[in-house]
Amino acid sequence: MMKKMSALLVVLTITGCLYAQQRVDNRCLDFMGIPIEGPVDSFVVALKAEQFTEWGTSSDMEDLYFRGNYYGIRAKVMVNVQLSTRFVQSVYVTVGPYRTENMLMRNRTYFLNKLEKEYGKYITRGDAEYFFSTYGSIKVSDTQNANGTTDLNIFYMPSTPYYKDALIFGLKGNVQEVATENPVMENPLERFAKNGKMENPDIIERKYDSHGYLTQGKMLERQGMSVIDYEYDKHNRLIRRVLTNQAARITYVNEYVYNDDDEILNLSQKVFDENNECVMSVNLRNQYEAHDDEGNWTRNALNIVYWEKGAQSQSTNVIQTRKIRYWEE
């Protein structure tokens, strides 16, 4: 009996460790801790786990309706779905109706304080309050009903795509196209679909995790197929990219270091032969000199240090500029 109990404890411990290691997506807007992204079925499961109950849908299945406690107060929740993908698009909360101005303002202040603790300071525009972040916005407003009562509304609108391919390049926002002058170890032109996937035909058989982060891909080269593996840190920043070509017996290891603004500060690439000996290394250090309104760099002073086995290292500097286009909301 004791052996069975010990075995059970081991299983529970391992399961608990695996659960604790599961990545939480902190690079998107969330509703009550649930990322507002990806397949609606997954979002609904998470919403029901928070004790929200479904009570209906719109005729076109574009809106799903729930009831539950929103920061401890009974509320109605509408989940808007993108019909073509069945991905979550936004969340709309309605609390009320309120018959007195005093109760309306009391609860409005209560919700603003709760949201402020999670999303930072808000700004007031007209009759509404807004919380803005890199990943979306939250609007707090009210609606007058025909019977003289008032509803309080909280609208969650994400601004980042589900697939996070642009993050591999250190890009923010819903990027459509990036054209780089003087590119180094990157393509001069990168395009992204509206859902966030890079439109690069060279990377095939891609695998993504449940939050839309690329974990593996393949690339057909002159000497067989290369496998690319991607690793991220706890902040979901790409920290390691490993390309392995067994036919050519060579491995490329890219490692990334970030600054306080989550921009790629340093990129190092090392090339290893079949004996795991480093035969080449390139180190790129960025010094960003200009940014656009989304916080993406548009001018960069790049320092390159290059070394190859049997030769002395060389250093050079390059000025890079780039133009970035975004998908319209």
# chains A, B, ... in the order shown; residues from 1 in each chain; ligands from 1

call {"tool": "select_by_dssp", "arguments": {"residues": "region 53-147 of chain A", "states": "alpha helix (DSSP H)", "output": "list in words"}}
result
Glu101, Asn102, Met103, Leu104, Met105, Arg106, Asn107, Arg108, Thr109, Tyr110, Phe111, Leu112, Asn113, Lys114, Leu115, Glu116, Lys117, Glu118 and Tyr119 of chain A

call {"tool": "residues_around", "arguments": {"residues": "region 38-55 of chain A", "least_positions_apart": "5", "cutoff": "12 Å", "atoms": "only C-alpha atoms", "output": "ChimeraX atom specification"}}
result
/A:25,28-33,61-72,74-91,158,160-164,195-196,208-213

call {"tool": "residues_around", "arguments": {"residues": "Val227 (chain A)", "least_positions_apart": "5", "cutoff": "12 Å", "atoms": "only C-alpha atoms", "output": "count of residues only"}}
result
25

call {"tool": "closest_residue", "arguments": {"among": "A:Arg222, A:Arg249, A:Arg325, A:Arg99", "to": "Phe272 (chain A)", "atoms": "only C-alpha atoms"}}
result
A:Arg249

call {"tool": "residues_around", "arguments": {"residues": "Trp327 (chain A)", "least_positions_apart": "6", "cutoff": "8 Å", "atoms": "only C-alpha atoms", "output": "JSON, numbers by chain"}}
result
{"A": [174, 175, 176, 194]}

call {"tool": "write_last_selection", "arguments": {"atoms": "C-alpha atoms", "output": "short mmCIF file (atom, residue, chain, number, x, y, z; two decimals), in the first residue's frame"}}
result
data_model
loop_
_atom_site.label_atom_id
_atom_site.label_comp_id
_atom_site.auth_asym_id
_atom_site.auth_seq_id
_atom_site.Cartn_x
_atom_site.Cartn_y
_atom_site.Cartn_z
CA ASN A 174 -0.14 43.58 -36.47
CA VAL A 175 2.65 43.86 -39.05
CA GLN A 176 1.89 43.24 -42.73
CA LYS A 194 -3.48 39.09 -41.13
#

call {"tool": "residues_around", "arguments": {"residues": "Thr143 (chain A)", "least_positions_apart": "4", "cutoff": "7 Å", "atoms": "only C-alpha atoms", "output": "list of chain:residue names"}}
result
A:Thr150, A:Asp151, A:Leu152

call {"tool": "write_last_selection", "arguments": {"atoms": "N, CA, C and O atoms", "output": "PDB file, in the first residue's frame"}}
result
ATOM      1  N   THR A 150     -29.528  52.470 -16.897  1.00  0.00           N
ATOM      2  CA  THR A 150     -28.229  52.585 -17.555  1.00  0.00           C
ATOM      3  C   THR A 150     -27.429  51.299 -17.384  1.00  0.00           C
ATOM      4  O   THR A 150     -27.386  50.725 -16.299  1.00  0.00           O
ATOM      5  N   ASP A 151     -26.816  50.854 -18.476  1.00  0.00           N
ATOM      6  CA  ASP A 151     -25.912  49.702 -18.425  1.00  0.00           C
ATOM      7  C   ASP A 151     -24.466  50.183 -18.415  1.00  0.00           C
ATOM      8  O   ASP A 151     -24.134  51.185 -19.072  1.00  0.00           O
ATOM      9  N   LEU A 152     -23.635  49.465 -17.702  1.00  0.00           N
ATOM     10  CA  LEU A 152     -22.201  49.726 -17.703  1.00  0.00           C
ATOM     11  C   LEU A 152     -21.543  48.725 -18.651  1.00  0.00           C
ATOM     12  O   LEU A 152     -21.807  47.520 -18.570  1.00  0.00           O
TER      13      LEU A 152
END

call {"tool": "select_by_dssp", "arguments": {"residues": "region 32-145 of chain A", "states": "strand (DSSP E)", "output": "VMD selection string"}}
result
chain A and resid 34 to 35 53 to 57 63 to 70 73 to 82 87 to 98 123 to 125 128 to 133 136 to 144

call {"tool": "residues_around", "arguments": {"residues": "His235 (chain A)", "least_positions_apart": "2", "cutoff": "12 Å", "atoms": "only C-alpha atoms", "output": "ChimeraX atom specification"}}
result
/A:23-28,167,231-233,237-239,258,260,262
